[in-house]
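Below: entry.cif (mmCIF, C-alpha atoms)
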data_query
loop_
_atom_site.label_atom_id
_atom_site.label_comp_id
_atom_site.auth_asym_id
_atom_site.auth_seq_id
_atom_site.Cartn_x
_atom_site.Cartn_y
_atom_site.Cartn_z
CA MET A 1 132.55 20.45 210.96
CA THR A 2 129.86 18.72 208.91
CA ALA A 3 128.55 17.09 212.10
CA LEU A 4 127.94 20.59 213.46
CA LEU A 5 125.78 21.39 210.46
CA GLN A 6 123.21 18.66 211.06
CA PRO A 7 119.91 20.36 211.93
CA ALA A 8 119.70 18.53 215.26
CA ILE A 9 123.09 19.79 216.47
CA LEU A 10 122.86 23.24 214.87
CA PHE A 11 119.42 24.08 216.28
CA GLY A 12 120.31 22.41 219.58
CA LEU A 13 123.24 24.84 219.90
CA THR A 14 120.97 27.72 218.81
CA GLY A 15 118.56 26.69 221.57
CA ALA A 16 121.40 26.68 224.10
CA ALA A 17 122.38 30.22 223.05
CA LEU A 18 118.74 31.37 223.21
CA VAL A 19 118.50 30.14 226.80
CA GLY A 20 121.39 32.48 227.70
CA ILE A 21 119.93 35.45 225.80
CA GLY A 22 116.49 34.94 227.33
CA LEU A 23 117.89 34.60 230.84
CA PHE A 24 119.93 37.79 230.34
CA ALA A 25 116.75 39.62 229.31
CA VAL A 26 114.84 38.28 232.32
CA VAL A 27 117.52 39.45 234.76
CA THR A 28 118.65 42.77 233.30
CA GLN A 29 115.73 44.40 231.46
CA PRO A 30 114.23 47.32 233.36
CA GLY A 31 110.77 46.93 231.77
CA LEU A 32 108.63 44.12 233.13
CA LEU A 33 106.92 43.47 229.78
CA ARG A 34 110.30 42.81 228.20
CA ARG A 35 111.16 40.44 231.01
CA ILE A 36 108.08 38.42 230.06
CA VAL A 37 109.29 38.41 226.45
CA GLY A 38 112.70 37.29 227.73
CA CYS A 39 111.03 34.45 229.57
CA ASN A 40 109.45 33.39 226.28
CA ILE A 41 112.85 33.40 224.52
CA LEU A 42 114.28 31.33 227.37
CA GLY A 43 111.43 28.85 226.98
CA ALA A 44 111.85 28.76 223.19
CA GLY A 45 115.52 27.87 223.69
CA ILE A 46 114.68 24.99 226.02
CA PHE A 47 112.04 23.70 223.57
CA LEU A 48 114.57 23.88 220.74
CA VAL A 49 117.10 21.78 222.69
CA PHE A 50 114.28 19.31 223.28
CA GLY A 51 113.53 19.42 219.56
CA ALA A 52 117.14 18.46 218.87
CA VAL A 53 116.68 15.46 221.16
CA ALA A 54 113.51 14.53 219.26
CA ARG A 55 115.22 14.88 215.88
CA ARG A 56 118.06 12.62 216.98
CA GLY A 57 115.54 10.07 218.22
CA ALA A 58 114.33 9.38 214.67
CA GLY A 59 113.34 5.76 214.25
CA ALA A 60 110.60 3.31 213.38
CA GLY A 61 109.88 5.20 210.17
CA PHE A 62 109.42 8.59 211.88
CA GLU A 63 111.75 11.45 211.11
CA ALA A 64 111.72 12.50 214.77
CA ASP A 65 110.71 10.94 218.09
CA PRO A 66 107.00 11.85 218.52
CA VAL A 67 107.08 11.83 222.34
CA PRO A 68 109.26 14.95 222.88
CA GLN A 69 107.34 16.68 220.07
CA ALA A 70 104.05 16.14 221.86
CA LEU A 71 105.55 17.40 225.12
CA VAL A 72 106.83 20.55 223.38
CA ILE A 73 103.34 21.24 221.95
CA THR A 74 101.93 20.94 225.46
CA GLY A 75 104.76 23.17 226.70
CA ILE A 76 104.07 25.91 224.15
CA VAL A 77 100.41 26.07 225.17
CA VAL A 78 101.26 26.16 228.90
CA ALA A 79 103.94 28.83 228.30
CA PHE A 80 101.36 30.94 226.48
CA SER A 81 98.90 30.60 229.38
CA ALA A 82 101.62 31.63 231.83
CA SER A 83 102.49 34.67 229.68
CA ALA A 84 98.83 35.68 229.51
CA LEU A 85 98.51 35.45 233.30
CA ALA A 86 101.78 37.39 233.80
CA ILE A 87 100.61 40.15 231.45
CA ALA A 88 97.22 40.40 233.16
CA LEU A 89 99.04 40.72 236.52
CA LEU A 90 101.34 43.36 235.05
CA LYS A 91 98.43 45.42 233.71
CA ARG A 92 96.66 45.24 237.06
CA LEU A 93 99.87 46.20 238.86
CA SER A 94 100.28 49.30 236.72
CA GLU A 95 96.62 50.23 237.32
CA ILE A 96 97.03 49.89 241.07
CA THR A 97 100.37 51.71 241.38
CA ILE A 98 99.46 54.54 239.03
CA GLY A 99 95.73 54.82 239.51
CA GLU A 100 93.01 53.87 237.12
CA GLY A 101 92.32 57.33 235.69
CA ALA A 102 95.92 58.55 235.43
CA ASP A 103 96.52 57.91 231.75
CA ALA A 104 98.73 60.98 231.49
CA GLY A 105 101.26 59.64 234.05
CA GLY A 106 104.90 59.88 232.95
CA PRO A 107 107.35 56.99 232.65
CA GLU A 108 108.59 57.50 236.23
CA GLY A 109 105.09 57.59 237.69
CA GLY A 110 105.47 54.25 239.52
CA ALA A 111 106.31 53.49 243.12
CA MET B 1 122.27 24.07 200.17
CA MET B 2 120.10 22.99 203.11
CA ALA B 3 123.08 23.55 205.42
CA LEU B 4 123.23 27.16 204.20
CA LEU B 5 119.51 27.61 204.89
CA ASP B 6 119.90 26.11 208.36
CA LEU B 7 122.87 28.32 209.16
CA SER B 8 121.11 31.51 208.07
CA LEU B 9 117.98 30.45 209.99
CA ALA B 10 120.01 29.86 213.16
CA ALA B 11 121.86 33.18 212.72
CA LEU B 12 118.57 35.01 212.14
CA LEU B 13 117.05 33.47 215.28
CA LEU B 14 120.00 34.59 217.39
CA LEU B 15 120.05 38.09 215.85
CA LEU B 16 116.32 38.57 216.42
CA ALA B 17 116.63 37.37 220.05
CA LEU B 18 119.53 39.77 220.59
CA GLY B 19 117.44 42.45 218.90
CA VAL B 20 114.68 41.93 221.47
CA VAL B 21 117.24 42.58 224.22
CA ALA B 22 118.98 45.52 222.54
CA GLU B 23 116.02 47.35 220.96
CA ARG B 24 115.27 50.60 222.81
CA GLN B 25 111.59 50.86 222.02
CA GLU B 26 109.40 48.26 223.69
CA ARG B 27 107.19 48.08 220.61
CA GLY B 28 110.18 47.36 218.39
CA ALA B 29 111.33 44.64 220.77
CA ILE B 30 107.93 42.97 220.60
CA ILE B 31 107.86 43.10 216.81
CA ALA B 32 111.34 41.52 216.74
CA PHE B 33 109.98 38.81 219.04
CA LEU B 34 107.09 38.12 216.65
CA ALA B 35 109.50 37.73 213.74
CA PHE B 36 111.50 35.44 216.02
CA GLY B 37 108.38 33.31 216.60
CA LEU B 38 107.82 32.87 212.86
CA MET B 39 111.47 31.97 212.21
CA LEU B 40 111.28 29.52 215.09
CA GLY B 41 108.40 27.83 213.28
CA LEU B 42 110.70 27.33 210.27
CA ALA B 43 113.39 25.90 212.56
CA TRP B 44 110.86 23.34 213.82
CA LEU B 45 110.15 22.34 210.22
CA ARG B 46 113.88 21.75 209.74
CA LEU B 47 113.80 19.58 212.86
CA ALA B 48 111.17 17.39 211.12
CA ALA B 49 108.47 18.47 213.60
CA PRO B 50 105.64 19.98 211.50
CA ASP B 51 103.11 19.63 214.34
CA VAL B 52 105.30 21.74 216.61
CA ALA B 53 105.96 24.20 213.77
CA LEU B 54 102.22 24.79 213.28
CA THR B 55 101.71 25.26 217.02
CA GLU B 56 104.70 27.58 217.31
CA ILE B 57 103.63 29.79 214.40
CA ALA B 58 99.99 29.94 215.55
CA ILE B 59 100.71 30.51 219.23
CA GLY B 60 104.27 31.90 219.37
CA GLY B 61 103.90 34.19 216.37
CA GLY B 62 100.17 34.86 216.28
CA VAL B 63 98.25 34.86 219.53
CA THR B 64 101.23 35.85 221.71
CA GLY B 65 101.73 38.73 219.29
CA ILE B 66 98.22 40.11 219.84
CA LEU B 67 98.65 39.63 223.59
CA LEU B 68 102.01 41.46 223.76
CA LEU B 69 101.04 44.30 221.40
CA ARG B 70 97.83 44.94 223.36
CA ALA B 71 99.79 44.92 226.61
CA GLU B 72 102.37 47.31 225.19
CA ALA B 73 99.65 49.72 224.06
CA ALA B 74 97.96 49.58 227.47
CA LEU B 75 101.19 50.04 229.42
CA ARG B 76 102.95 52.50 227.13
CA GLY B 77 105.02 54.92 229.15
CA ARG B 78 104.02 53.51 232.49
CA GLY B 79 105.27 49.93 232.60
CA LYS B 80 108.86 50.67 233.64
CA THR B 81 109.29 50.90 237.36
CA GLU B 82 112.88 49.84 237.96
CA GLU B 83 116.35 51.29 237.70
CA PRO B 84 118.40 49.61 234.99
CA LEU B 85 121.40 47.58 236.17
CA ARG B 86 124.86 49.18 236.23
CA ARG B 87 127.36 48.27 233.55
CA THR B 88 129.37 45.94 235.82
CA GLY B 89 126.18 44.22 236.94
CA ARG B 90 125.10 43.66 233.35
CA LEU B 91 128.53 42.30 232.49
CA ALA B 92 128.44 39.83 235.41
CA VAL B 93 124.97 38.65 234.36
CA ALA B 94 126.10 38.35 230.73
CA VAL B 95 129.06 36.17 231.76
CA ALA B 96 126.86 33.93 233.92
CA CYS B 97 124.28 33.56 231.13
CA ALA B 98 127.01 32.78 228.59
CA MET B 99 128.32 30.07 230.90
CA ILE B 100 124.86 28.52 231.19
CA SER B 101 124.56 28.56 227.38
CA ALA B 102 128.02 27.05 227.00
CA GLY B 103 127.13 24.27 229.44
CA LEU B 104 123.91 23.50 227.57
CA GLY B 105 125.76 23.65 224.25
CA TYR B 106 128.31 21.18 225.60
CA ALA B 107 125.45 18.86 226.57
CA VAL B 108 124.06 19.17 223.02
CA LEU B 109 127.44 18.24 221.54
CA ARG B 110 127.82 15.30 223.92
CA PHE B 111 124.37 13.78 223.30
CA ALA B 112 124.44 10.01 223.79
CA THR B 113 124.93 7.89 220.64
CA PRO B 114 122.88 5.97 219.66
CA ALA B 115 120.20 8.47 220.63
CA PRO B 116 117.62 7.18 223.13
CA THR B 117 114.23 7.09 221.47
CA LEU B 118 110.63 6.17 222.15
CA ALA B 119 109.72 6.18 218.45
CA PRO B 120 109.57 2.35 218.10
CA ALA B 121 107.35 2.11 221.19
CA ALA B 122 105.09 4.81 219.77
CA ALA B 123 104.93 3.07 216.40
CA GLU B 124 104.18 -0.33 217.93
CA ALA B 125 100.81 0.64 219.40
CA LEU B 126 99.82 3.03 216.61
CA PRO B 127 97.61 0.52 214.68
CA ALA B 128 95.55 -0.09 217.83
CA THR B 129 94.60 3.61 217.97
CA GLU B 130 93.87 3.72 214.20
CA LEU B 131 95.59 7.11 214.10
CA GLY B 132 98.06 8.04 211.40
CA ASN B 133 99.77 10.90 213.24
CA PRO B 134 102.08 9.59 215.99
CA VAL B 135 102.15 13.00 217.73
CA THR B 136 98.38 13.02 218.08
CA ALA B 137 98.58 9.46 219.39
CA VAL B 138 101.07 10.54 222.06
CA LEU B 139 98.94 13.57 222.99
CA LEU B 140 95.62 11.73 223.23
CA ALA B 141 96.42 8.07 223.80
CA TYR B 142 99.82 7.25 225.30
CA ARG B 143 100.31 10.42 227.32
CA ALA B 144 96.70 11.59 227.49
CA LEU B 145 97.10 12.44 231.18
CA ASP B 146 99.60 15.22 230.29
CA THR B 147 97.16 16.65 227.77
CA LEU B 148 94.28 16.48 230.25
CA LEU B 149 96.31 18.24 232.95
CA GLU B 150 97.46 20.83 230.44
CA LYS B 151 93.83 21.70 229.73
CA VAL B 152 93.37 22.20 233.46
CA VAL B 153 96.44 24.47 233.58
CA VAL B 154 95.03 26.61 230.76
CA LEU B 155 91.69 26.90 232.60
CA LEU B 156 93.48 27.76 235.86
CA ALA B 157 95.43 30.49 234.07
CA LEU B 158 92.14 31.85 232.70
CA ILE B 159 90.59 31.81 236.19
CA GLY B 160 93.69 33.68 237.39
CA VAL B 161 93.25 36.30 234.66
CA TRP B 162 89.52 36.69 235.31
CA SER B 163 90.08 37.04 239.05
CA LEU B 164 92.07 40.23 238.39
CA ALA B 165 88.82 42.03 237.51
CA PRO B 166 87.69 44.49 240.19
CA ASP B 167 84.84 43.09 242.36
CA GLY B 168 82.16 45.26 240.80
CA LEU B 169 82.96 44.02 237.30
CA TRP B 170 83.05 40.28 238.12
CA GLY B 171 81.19 38.33 235.47
CA GLY B 172 81.28 41.27 233.09
CA ALA B 173 82.76 41.44 229.60
CA PRO B 174 86.38 42.14 228.68
CA VAL B 175 87.00 45.01 226.27
CA VAL B 176 88.83 43.80 223.19
CA LYS B 177 87.98 46.54 220.69
CA PRO B 178 90.61 49.30 220.54
CA ALA B 179 89.56 52.95 220.79
CA ALA B 180 89.97 53.39 217.04
CA VAL B 181 89.63 50.44 214.65
CA PRO B 182 92.06 50.72 211.70
CA ALA B 183 90.31 50.31 208.35
CA PRO B 184 92.46 47.32 207.22
CA LEU B 185 91.56 45.46 210.44
CA ALA B 186 87.85 46.05 209.89
CA TRP B 187 88.20 44.82 206.31
CA LEU B 188 90.20 41.72 207.31
CA ALA B 189 87.68 40.93 210.02
CA ARG B 190 84.95 40.72 207.40
CA VAL B 191 86.91 38.75 204.80
CA LEU B 192 89.16 36.37 206.71
CA PRO B 193 86.92 34.51 209.21
CA PRO B 194 85.09 32.22 206.74
CA PHE B 195 88.45 30.98 205.42
CA GLY B 196 89.94 30.82 208.92
CA VAL B 197 87.08 28.75 210.27
CA VAL B 198 87.34 26.29 207.38
CA ILE B 199 91.12 26.04 207.85
CA GLY B 200 90.63 25.54 211.59
CA ILE B 201 88.11 22.72 211.11
CA TYR B 202 90.34 21.13 208.49
CA MET B 203 93.36 21.26 210.82
CA PHE B 204 91.36 19.59 213.57
CA TRP B 205 90.06 16.88 211.24
CA VAL B 206 93.36 16.12 209.53
CA GLY B 207 95.20 16.05 212.89
CA ALA B 208 94.36 12.37 213.37
CA ASP B 209 96.48 11.34 210.39
CA ALA B 210 98.71 14.29 209.43
CA PRO B 211 100.28 17.34 211.03
CA GLY B 212 97.58 19.42 212.68
CA GLY B 213 95.29 18.85 215.62
CA THR B 214 93.49 20.36 218.57
CA PHE B 215 95.87 23.14 219.57
CA GLN B 216 96.64 24.38 216.10
CA ALA B 217 92.96 24.34 215.11
CA GLY B 218 91.92 25.93 218.40
CA THR B 219 94.45 28.73 217.94
CA VAL B 220 93.26 29.49 214.41
CA LEU B 221 89.63 29.61 215.58
CA ALA B 222 90.61 31.81 218.54
CA ALA B 223 92.45 34.18 216.21
CA MET B 224 89.36 34.48 213.99
CA TRP B 225 87.15 35.31 216.97
CA LEU B 226 89.69 37.86 218.22
CA LEU B 227 89.80 39.48 214.77
CA VAL B 228 86.01 39.87 214.67
CA THR B 229 85.90 41.18 218.25
CA MET B 230 88.83 43.57 217.83
CA ALA B 231 87.18 45.06 214.77
CA GLY B 232 84.09 45.67 216.88
CA LEU B 233 81.81 43.57 214.65
CA TYR B 234 80.69 41.48 217.61
CA PRO B 235 81.11 42.28 221.31
CA ALA B 236 83.09 40.04 223.70
CA PRO B 237 80.76 37.88 225.83
CA ASP B 238 80.28 38.36 229.58
CA THR B 239 82.75 36.12 231.39
CA GLY B 240 79.83 35.01 233.58
CA ALA B 241 77.65 34.02 230.61
CA ARG B 242 76.65 30.39 230.22
CA LEU B 243 77.75 29.65 226.64
CA PRO B 244 81.46 30.59 226.98
CA ARG B 245 81.69 28.72 230.28
CA LEU B 246 80.06 25.66 228.71
CA LEU B 247 82.51 25.80 225.81
CA LEU B 248 85.47 26.16 228.18
CA ALA B 249 84.48 23.30 230.44
CA GLY B 250 83.06 21.03 227.71
CA GLY B 251 86.37 19.66 226.40
CA PRO B 252 88.00 18.79 229.74
CA VAL B 253 84.72 17.41 231.15
CA LEU B 254 84.19 15.11 228.15
CA PHE B 255 87.85 14.06 228.33
CA LEU B 256 87.53 13.26 232.06
CA GLY B 257 84.21 11.49 231.54
CA ILE B 258 85.65 9.19 228.86
CA ALA B 259 88.75 8.72 231.04
CA PHE B 260 86.62 7.46 233.95
CA LEU B 261 84.50 5.27 231.66
CA GLY B 262 87.77 3.51 230.90
CA PHE B 263 87.42 1.85 234.32
CA VAL B 264 84.18 0.22 233.18
CA PHE B 265 84.70 -0.50 229.48
CA ALA B 266 88.48 -0.80 229.15
CA GLU B 267 91.58 -1.51 231.22
CA GLY B 268 91.42 1.55 233.44
CA PHE B 269 91.63 5.32 233.72
CA LEU B 270 92.17 6.97 230.32
CA ALA B 271 92.18 3.64 228.48
CA TYR B 272 90.03 3.45 225.37
CA PRO B 273 87.91 0.35 224.59
CA GLU B 274 89.29 -1.69 221.72
CA GLY B 275 88.05 -0.62 218.30
CA LEU B 276 86.52 2.57 219.69
CA ALA B 277 89.80 4.45 220.22
CA LYS B 278 89.65 6.55 217.09
CA PRO B 279 86.02 7.76 217.31
CA LEU B 280 86.50 8.55 221.00
CA ILE B 281 89.73 10.45 220.32
CA VAL B 282 88.10 12.42 217.52
CA ALA B 283 85.15 13.27 219.80
CA ILE B 284 87.50 14.43 222.57
CA GLU B 285 89.52 16.42 220.06
CA ALA B 286 86.41 18.14 218.72
CA ALA B 287 85.31 19.26 222.18
CA LEU B 288 88.87 20.19 223.16
CA THR B 289 89.34 22.25 219.99
CA LEU B 290 86.38 24.45 221.00
CA SER B 291 87.63 24.64 224.60
CA VAL B 292 91.16 25.57 223.50
CA ALA B 293 89.79 28.19 221.10
CA ALA B 294 87.62 29.74 223.82
CA ALA B 295 90.36 29.60 226.47
CA LEU B 296 93.09 31.12 224.28
CA ALA B 297 90.80 33.87 222.99
CA LEU B 298 89.57 34.77 226.48
CA LEU B 299 93.16 34.70 227.84
CA VAL B 300 94.05 37.34 225.26
CA ALA B 301 90.85 39.30 225.94
CA GLY B 302 91.81 39.62 229.61
CA PRO B 303 89.78 40.32 232.73
CA ALA B 304 86.34 41.94 232.73
CA ARG B 305 86.33 45.69 232.04
CA LYS B 306 82.60 46.28 231.80
CA ALA B 307 79.96 45.57 234.44
CA PRO B 308 77.82 42.52 233.61
CA ALA B 309 74.56 43.22 231.81
CA ARG B 310 71.79 42.29 234.22
#
Rewrite the coordinates I just gave you, this time as C-alpha cells.
Amino acid sequence: MTALLQPAILFGLTGAALVGIGLFAVVTQPGLLRRIVGCNILGAGIFLVFGAVARRGAGAGFEADPVPQALVITGIVVAFSASALAIALLKRLSEITIGEGADAGGPEGGA
Amino acid sequence: MMALLDLSLAALLLLLALGVVAERQERGAIIAFLAFGLMLGLAWLRLAAPDVALTEIAIGGGVTGILLLRAEAALRGRGKTEEPLRRTGRLAVAVACAMISAGLGYAVLRFATPAPTLAPAAAEALPATELGNPVTAVLLAYRALDTLLEKVVVLLALIGVWSLAPDGLWGGAPVVKPAAVPAPLAWLARVLPPFGVVIGIYMFWVGADAPGGTFQAGTVLAAMWLLVTMAGLYPAPDTGARLPRLLLAGGPVLFLGIAFLGFVFAEGFLAYPEGLAKPLIVAIEAALTLSVAAALALLVAGPARKAPAR
C-alpha cells in the first residue's frame, strides 16, 4: 500500500486514468470545443505518466531525470499550438456553415 | 502528511477531469479545465519537476484558458453540430476507455526496477555547458534539435491559423479586444504588465541555472501583451507587418545560424564551441523567448479580422 502512495506511482496512475477520461470526452462529447478540451486532458494524462517515469529516473543528484522533463515541456508547447490551430479551424468552420452575419442562429443552425 | 496531500491532489485532478466531461454548460467545463491545469502544475511540483510545473501553469492554466474562453464566447450556441451518442454507445466507449486506462495503469505498476535513467549522462556533460539547470541543458544542448524543430512546429501552427483569414483580410490585424472591456480587466492591464515583464525577464535569465527558461518566460510575456491588447490599450499588429514577423523568425533563425556555424567552429551541426556554450545558449534563449512570446500571443489572437492598413 505504501508503495502506491509514492508520488511517482500515484500520479502515474492518475495519468493513466486521465488518458481514459480524455479519450472518452474526445469520442462522446457532442460539442467540438469540448472534444478539443478532452484532447488536452488526454495529453495531460500521457505527460503525467511520462512525469512518473522521470521521477523514478532520479539519479546523479537530480530529483528526477531531466530528459523526460525537457520532452514534456516541448510537448506542452506543441500541444498548445495544436489546440490553437484546432480552435481556429473550429471558428472558421462555424463561420462557413452558419454564415458570417448570422449571429442570431440557434444551437441547431449547423449542417 | 505529504501522502495525504498527494492523494487529495490526485483525487481533485480526477474529479475536475470528470467535471469537464459531465458539466452541461460549455463555459463551466472550460473553467473546470482551467482549475485542472493549475492543479496539474502542483502535481508536477510533487513529481520534482518545477520546470514542467511552471510551463504547465503558464500554458495549461493561463494561455490555453484565454484561448478556450475566447473560443467559447465566439461559438456560444452555435458550436454543436452533432447528435449525442446513445446510452449504449456511451457505455461501450466508457468500457473501452476504462480498459485503456487499466492497461496503462498496469504498465505504471510494472515499471522496470531499477528505473532506466539518463540523469547520470545528463550530469556528466553539464560542466561543459556551464549551465546549472539540467533541463535547460537538455533543451538547448543535448537535445537542441528537438527544441529547434518544436519552434518550427509552433511557427507552422501560426501559419495555419493565419491562413484561415479570408483572402481580402490577409496581412491584416486580428481582433483581440472584446466588444465590452470589463473594468477590472482594464485596471489589471494598466497595473500588471510592468511586474509581468520583469518576472518574464527574470524567468528567462534564471533559466540557465534554476527552474525557468524560454517557454515559461515567453508565456508570461505573451500573457502581458494579450492583457494590454484585450483591454484595448494597444491594438494588435497587422500580421503582415515587419516587426512581428521579425520577432517570430528571429529566434529560430539565430538558433539555425548558430547550429550551422557548429560545422565551422565546433564538431558539427548544433555543437557549441568549447567555452562559448553558455553565452551562445543565453543568446539563443533570449531570441527564442521573444519568438515564443510573439508566437503564443498571436496564436491566441487568431487569424486576421481587419483589412490591412495600407
Restrict the calculation to only C-alpha atoms, then for each residue of chain B with any atom at most 7 Å from an atom of chain A give the closest atom pair and their distance in Å to one decimal, rows by chain and rising residue number, as JSON lines.
{"residue": "B:Ala3", "atom": "CA", "partner": "A:Leu5", "partner_atom": "CA", "distance": 6.1}
{"residue": "B:Asp6", "atom": "CA", "partner": "A:Pro7", "partner_atom": "CA", "distance": 6.8}
{"residue": "B:Ala10", "atom": "CA", "partner": "A:Thr14", "partner_atom": "CA", "distance": 6.1}
{"residue": "B:Leu14", "atom": "CA", "partner": "A:Leu18", "partner_atom": "CA", "distance": 6.8}
{"residue": "B:Ala17", "atom": "CA", "partner": "A:Ile21", "partner_atom": "CA", "distance": 6.9}
{"residue": "B:Leu18", "atom": "CA", "partner": "A:Ile21", "partner_atom": "CA", "distance": 6.8}
{"residue": "B:Val21", "atom": "CA", "partner": "A:Ala25", "partner_atom": "CA", "distance": 5.9}
{"residue": "B:Arg46", "atom": "CA", "partner": "A:Pro7", "partner_atom": "CA", "distance": 6.6}
{"residue": "B:Leu47", "atom": "CA", "partner": "A:Arg55", "partner_atom": "CA", "distance": 5.8}
{"residue": "B:Ala48", "atom": "CA", "partner": "A:Glu63", "partner_atom": "CA", "distance": 6.0}
{"residue": "B:Ala49", "atom": "CA", "partner": "A:Gln69", "partner_atom": "CA", "distance": 6.8}
{"residue": "B:Val52", "atom": "CA", "partner": "A:Ile73", "partner_atom": "CA", "distance": 5.7}
{"residue": "B:Thr55", "atom": "CA", "partner": "A:Ile73", "partner_atom": "CA", "distance": 6.6}
{"residue": "B:Thr64", "atom": "CA", "partner": "A:Phe80", "partner_atom": "CA", "distance": 6.8}
{"residue": "B:Ala71", "atom": "CA", "partner": "A:Ile87", "partner_atom": "CA", "distance": 6.8}
{"residue": "B:Leu75", "atom": "CA", "partner": "A:Lys91", "partner_atom": "CA", "distance": 6.9}
{"residue": "B:Gly77", "atom": "CA", "partner": "A:Pro107", "partner_atom": "CA", "distance": 4.7}
{"residue": "B:Arg78", "atom": "CA", "partner": "A:Pro107", "partner_atom": "CA", "distance": 4.8}
{"residue": "B:Gly79", "atom": "CA", "partner": "A:Gly31", "partner_atom": "CA", "distance": 6.3}
{"residue": "B:Lys80", "atom": "CA", "partner": "A:Gly31", "partner_atom": "CA", "distance": 4.6}
{"residue": "B:Thr81", "atom": "CA", "partner": "A:Gly110", "partner_atom": "CA", "distance": 5.5}
{"residue": "B:Glu82", "atom": "CA", "partner": "A:Pro30", "partner_atom": "CA", "distance": 5.4}
{"residue": "B:Glu83", "atom": "CA", "partner": "A:Pro30", "partner_atom": "CA", "distance": 6.3}
{"residue": "B:Pro84", "atom": "CA", "partner": "A:Pro30", "partner_atom": "CA", "distance": 5.0}
{"residue": "B:Leu85", "atom": "CA", "partner": "A:Thr28", "partner_atom": "CA", "distance": 6.2}
{"residue": "B:Arg90", "atom": "CA", "partner": "A:Thr28", "partner_atom": "CA", "distance": 6.5}
{"residue": "B:Val93", "atom": "CA", "partner": "A:Phe24", "partner_atom": "CA", "distance": 6.5}
{"residue": "B:Ala94", "atom": "CA", "partner": "A:Phe24", "partner_atom": "CA", "distance": 6.2}
{"residue": "B:Cys97", "atom": "CA", "partner": "A:Gly20", "partner_atom": "CA", "distance": 4.6}
{"residue": "B:Ala98", "atom": "CA", "partner": "A:Gly20", "partner_atom": "CA", "distance": 5.7}
{"residue": "B:Ile100", "atom": "CA", "partner": "A:Gly20", "partner_atom": "CA", "distance": 6.3}
{"residue": "B:Ser101", "atom": "CA", "partner": "A:Ala16", "partner_atom": "CA", "distance": 4.9}
{"residue": "B:Leu104", "atom": "CA", "partner": "A:Ala16", "partner_atom": "CA", "distance": 5.3}
{"residue": "B:Gly105", "atom": "CA", "partner": "A:Leu13", "partner_atom": "CA", "distance": 5.2}
{"residue": "B:Val108", "atom": "CA", "partner": "A:Gly12", "partner_atom": "CA", "distance": 6.0}
{"residue": "B:Leu109", "atom": "CA", "partner": "A:Ile9", "partner_atom": "CA", "distance": 6.9}
{"residue": "B:Ala115", "atom": "CA", "partner": "A:Gly57", "partner_atom": "CA", "distance": 5.5}
{"residue": "B:Pro116", "atom": "CA", "partner": "A:Gly57", "partner_atom": "CA", "distance": 6.1}
{"residue": "B:Thr117", "atom": "CA", "partner": "A:Gly57", "partner_atom": "CA", "distance": 4.6}
{"residue": "B:Leu118", "atom": "CA", "partner": "A:Asp65", "partner_atom": "CA", "distance": 6.3}
{"residue": "B:Ala119", "atom": "CA", "partner": "A:Asp65", "partner_atom": "CA", "distance": 4.9}
{"residue": "B:Pro120", "atom": "CA", "partner": "A:Ala60", "partner_atom": "CA", "distance": 4.9}
{"residue": "B:Ala123", "atom": "CA", "partner": "A:Ala60", "partner_atom": "CA", "distance": 6.4}
{"residue": "B:Pro134", "atom": "CA", "partner": "A:Pro66", "partner_atom": "CA", "distance": 6.0}
{"residue": "B:Val135", "atom": "CA", "partner": "A:Pro66", "partner_atom": "CA", "distance": 5.0}
{"residue": "B:Val138", "atom": "CA", "partner": "A:Val67", "partner_atom": "CA", "distance": 6.2}
{"residue": "B:Leu139", "atom": "CA", "partner": "A:Ala70", "partner_atom": "CA", "distance": 5.8}
{"residue": "B:Thr147", "atom": "CA", "partner": "A:Thr74", "partner_atom": "CA", "distance": 6.8}
{"residue": "B:Glu150", "atom": "CA", "partner": "A:Thr74", "partner_atom": "CA", "distance": 6.7}
{"residue": "B:Val153", "atom": "CA", "partner": "A:Val78", "partner_atom": "CA", "distance": 6.9}
{"residue": "B:Val154", "atom": "CA", "partner": "A:Ser81", "partner_atom": "CA", "distance": 5.7}
{"residue": "B:Ala157", "atom": "CA", "partner": "A:Ser81", "partner_atom": "CA", "distance": 5.8}
{"residue": "B:Gly160", "atom": "CA", "partner": "A:Leu85", "partner_atom": "CA", "distance": 6.6}
{"residue": "B:Val161", "atom": "CA", "partner": "A:Leu85", "partner_atom": "CA", "distance": 5.5}
{"residue": "B:Leu164", "atom": "CA", "partner": "A:Arg92", "partner_atom": "CA", "distance": 6.9}
{"residue": "B:Leu299", "atom": "CA", "partner": "A:Ala84", "partner_atom": "CA", "distance": 6.0}
{"residue": "B:Val300", "atom": "CA", "partner": "A:Ala84", "partner_atom": "CA", "distance": 6.6}
{"residue": "B:Gly302", "atom": "CA", "partner": "A:Ala88", "partner_atom": "CA", "distance": 6.5}
Figure out the distance between atom CA of B:Ile284 and atom CA of B:Ala271, please, to one decimal in Å.
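Going from atom CA of B:Ala271 over to atom CA of B:Ile284, I get 13.2 Å.
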With 6 Å as the threshold, what does the neighbourhood of (83.2, 39.2, 236.4) contain in terms of residues, counting all atoms listed in the file? Coordinates are those of the file; answer as a list of chain:residue names.
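Residues with an atom close enough to that point: B:Leu169, B:Trp170, B:Gly171, B:Gly172, B:Thr239, B:Ala304.
Between atom CA of B:Ala208 and atom CA of B:Met2 the separation is 29.7 Å.
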Give me, as a compact mmCIF listing (two decimals) with C-alpha atoms, keeping the file's coordinate frame, all polymer residues having an atom no more than 10 Å from B:Ala186, counting all atoms listed in the file and skipping those fewer than 5 positions away in the same chain.
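And here is the file that came out, selection21.txt:
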# COMPACT_ATOMS: atom_id res chain seq x y z
CA VAL B 181 89.63 50.44 214.65
CA VAL B 191 86.91 38.75 204.80
CA LEU B 227 89.80 39.48 214.77
CA VAL B 228 86.01 39.87 214.67
CA THR B 229 85.90 41.18 218.25
CA MET B 230 88.83 43.57 217.83
CA ALA B 231 87.18 45.06 214.77
CA GLY B 232 84.09 45.67 216.88
CA LEU B 233 81.81 43.57 214.65
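Going from atom CA of B:Ala259 over to atom CA of B:Tyr272, you cover 7.8 Å.
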Output the residue selection produced by the PyMOL selection byres ((chain B and resi 247) around 12) on the file above, formatted as number ranges by chain.
B: 155, 218, 239, 241-246, 248-254, 286-298
Could you check which residues have any atom within 8 Å of (100.4, 10.9, 212.7), counting all atoms listed in the file with coordinates taken straight from the file, and then list them as a ChimeraX atom specification?
/B:131-137,207-211
